[in-house]
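What follows is a set of notes on a single structure, which appears directly below.
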Amino acid sequence: RSPIVVRDFALQIGRKPFQLISELMEMSIFASMNSSIEEDVAQRLAKIHGFALEVRHRGEGGAAGEAEKVVEEKKPAREMVPRPPVVCILGHVDHGKTTLLDTIRKANVVSSEAGGITQHIGAYQVTHKDKLITFIDTPGHAAFSNMRARGARTTDIAVLVVAADDGFMPQTDEALGHARVSKVPVVVAINKMDAPGANVDKVLRQMQERDLAPEDWGGETLYAKVSALKGEGIEDILEAIVLQADVTETIVADPKGEVEGVIVEAQKELGRGSTASAIIQQGTLKPGMALVCGENYCRVRQLINDKGEQIKEAGPSSPVKIVGWSGPPDAGDFFKVVKNEREAKKHAEANELDRKKLEATQLQERGSTSVDDLF
Ligand code: GDP
Ligand code: MG
């Protein structure tokens, strides 16, 4: 049998080998360029990148009984359509991240007819000129750094808040660095325009110096002047986000594909058990589906949106609270759908066992206990 080799396979599905290696790493598979991977793993990766993997076993040309695996490109298996951008807010402490998130949320509640009730589920959605935007509700959220550590792109656009009276500060640059490493496009909110000492030109110059040249200075960075405190310029920053989303090619998903998502936060709630707020990345989640997330699993009992309403389905980029978990999954962890609850439980238990084995091996390597002692 000729194996599926990382280097060749990567090219066949339009990825660079190192990208494939890091994707494998996310699946806890440590491979090199020349490693071969299992067929089911290849199957999954092919699917993620919109290919169907066809394995052909050929007798001719080789020794008797030898099979050759051929990966064939097919039409993309996924039908990608635009989805709302998932936005996080970054910036230096006290530059107004929390205030901006609150103001955007409130401004939108007033304009909608929902009656002003919001539920904190770690993320919320607003509309701007009929377009939806999903905001991750907690600035500098642990989930964001966790997601980053996994090298996964769960945020589509970062809004970098810079106070006009203060300009770029160390954490502003740090945040910008993170966004750049994650290849997340940045939109700048120049905040505190109402404050004495607000100096827009200084901020624009600082942007220029950081290769974030503002659009009206011949650059490509969209920005808006806002006062989060007074609620001014909110439409402008939403407009900048929508424009940025329009030119960002990766903000697409297949609403009919297999459900995948990422956990934003999780908790135990009285009367509801373990619940997890998540953002759907692919597919459409519905009650009754079975999910696995690390060592936890879920048969979806209820879906609740950011307005506290029970909903029947949640599509790509929707923030949603999922009720029915065996235990609270970790923020930043990814979940996927499986056939039924039994399968889900099996996967979760296998994941738990894997972790325990790994921990036991690590302990043993330190020379303290034998693996047997731990079981
Ligand atoms: P964070 O640390 O970035 O989340 O900043 P906060 O949202 O907590 O804001 C820090 C302080 O700046 C608070 O006292 C806010 O009231 C104030 N603040 C936020 N936005 C504005 C603004 O647009 N203008 C003025 N003058 N103050 C603001
Ligand atoms: Mg804050």
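By order in the structure tokens, chains are A, B, ...; within a chain, residues start at 1; ligands start at 1, following the order shown.
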
**OP:** For Lys230 in chain A, work out the shell of residues within 9 Å, counting only C-alpha atoms and skipping chain neighbours fewer than 3 positions away, then give it as number ranges by chain.
**Re:** A: 103, 192, 194, 226-227

File of the preceding selection, N, CA and C atoms, as an mmCIF file, in the first residue's frame:
```cif
data_model
loop_
_atom_site.group_PDB
_atom_site.id
_atom_site.type_symbol
_atom_site.label_atom_id
_atom_site.label_comp_id
_atom_site.auth_asym_id
_atom_site.auth_seq_id
_atom_site.Cartn_x
_atom_site.Cartn_y
_atom_site.Cartn_z
ATOM 1 N N THR A 103 -21.939 50.051 24.475
ATOM 2 C CA THR A 103 -22.646 51.063 23.687
ATOM 3 C C THR A 103 -23.171 50.459 22.379
ATOM 4 N N LYS A 192 -12.715 58.064 22.571
ATOM 5 C CA LYS A 192 -12.593 59.222 23.476
ATOM 6 C C LYS A 192 -12.394 60.524 22.699
ATOM 7 N N ASP A 194 -14.344 62.800 22.560
ATOM 8 C CA ASP A 194 -14.905 63.894 23.368
ATOM 9 C C ASP A 194 -13.931 64.382 24.436
ATOM 10 N N VAL A 226 -14.727 57.695 17.284
ATOM 11 C CA VAL A 226 -15.905 57.423 18.118
ATOM 12 C C VAL A 226 -15.767 58.011 19.525
ATOM 13 N N SER A 227 -16.916 58.148 20.160
ATOM 14 C CA SER A 227 -16.924 58.352 21.600
ATOM 15 C C SER A 227 -17.851 57.275 22.148
#
```

Would you write out, as CSV, a table of all residues in chain A that have an atom no more than 10 Å from an atom of ligand 1, listing for each the closest atom pair and the distance in Å to one decimal, considering only C-alpha atoms and all ligand atoms and ordering rows by chain and rising residue number?
```
residue,atom,partner,partner_atom_place_in_ligand_line,distance
A:Ile89,CA,ligand 1,3 (O),8.9
A:Leu90,CA,ligand 1,3 (O),7.9
A:Gly91,CA,ligand 1,3 (O),6.4
A:His92,CA,ligand 1,3 (O),6.0
A:Val93,CA,ligand 1,2 (O),3.9
A:Asp94,CA,ligand 1,2 (O),3.3
A:His95,CA,ligand 1,3 (O),4.2
A:Gly96,CA,ligand 1,7 (O),3.3
A:Lys97,CA,ligand 1,3 (O),3.7
A:Thr98,CA,ligand 1,4 (O),3.8
A:Thr99,CA,ligand 1,7 (O),3.7
A:Leu100,CA,ligand 1,7 (O),6.4
A:Leu101,CA,ligand 1,7 (O),8.0
A:Asp102,CA,ligand 1,7 (O),8.4
A:Thr103,CA,ligand 1,20 (N),9.3
A:Thr138,CA,ligand 1,4 (O),8.9
A:Pro139,CA,ligand 1,4 (O),6.8
A:Gly140,CA,ligand 1,4 (O),9.2
A:Val161,CA,ligand 1,3 (O),7.6
A:Val162,CA,ligand 1,3 (O),8.9
A:Ala163,CA,ligand 1,23 (O),7.8
A:Ala164,CA,ligand 1,23 (O),8.9
A:Asp165,CA,ligand 1,26 (N),9.0
A:Ile190,CA,ligand 1,23 (O),8.9
A:Asn191,CA,ligand 1,23 (O),5.2
A:Lys192,CA,ligand 1,23 (O),3.4
A:Met193,CA,ligand 1,23 (O),6.1
A:Asp194,CA,ligand 1,24 (N),5.5
A:Ala195,CA,ligand 1,26 (N),4.5
A:Pro196,CA,ligand 1,26 (N),7.9
A:Ala198,CA,ligand 1,26 (N),9.3
A:Lys225,CA,ligand 1,23 (O),9.5
A:Val226,CA,ligand 1,23 (O),6.5
A:Ser227,CA,ligand 1,23 (O),3.4
A:Ala228,CA,ligand 1,23 (O),3.9
A:Leu229,CA,ligand 1,23 (O),4.1
A:Lys230,CA,ligand 1,23 (O),6.2
A:Gly231,CA,ligand 1,23 (O),7.6
A:Glu232,CA,ligand 1,23 (O),8.0
A:Gly233,CA,ligand 1,23 (O),9.7
```

Original post:
Do you have the CA of Arg83 in chain A-CA of Pro316 in chain A distance handy?
Top reply: 6.2 Å

Original post:
Could you name the residues that touch range 120-135 of chain A at 8 Å or less, counting only C-alpha atoms, but leaving out those on the same chain fewer than 3 positions away, as a list in words?
Top reply: Pro84, Pro85, Val86, Val87, Cys88, Ile89, Leu101, Ile104, Arg105, Asn108, Thr138, Glu235, Leu238, Glu239, Val242, Val264, Glu265, Ser277, Ile279, Asn305, Asp306, Ser317, Ser318, Pro319, Val320 and Lys321 of chain A

**OP:** Have a look at CA of Ala350 in chain A and CA of Glu260 in chain A and let me know their distance in Å, one decimal.
**Re:**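 The value is 19.2 Å.
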
**OP:** Once DSSP has gone over the backbone, tell me which residues of range 109-329 of chain A are in strand (DSSP E or B), as a ChimeraX atom specification.
**Re:** /A:123-128,131-136,157-163,186-191,214,221,223-225,227,232,252-253,260-269,273-282,285,290-293,296-304,310,314,319-325

Subject >> A:Asp137, A:Glu258, A:Glu359, A:Glu26 ranked by distance to ligand 2, top pick (using only C-alpha atoms and all ligand atoms) >> reply: A:Asp137
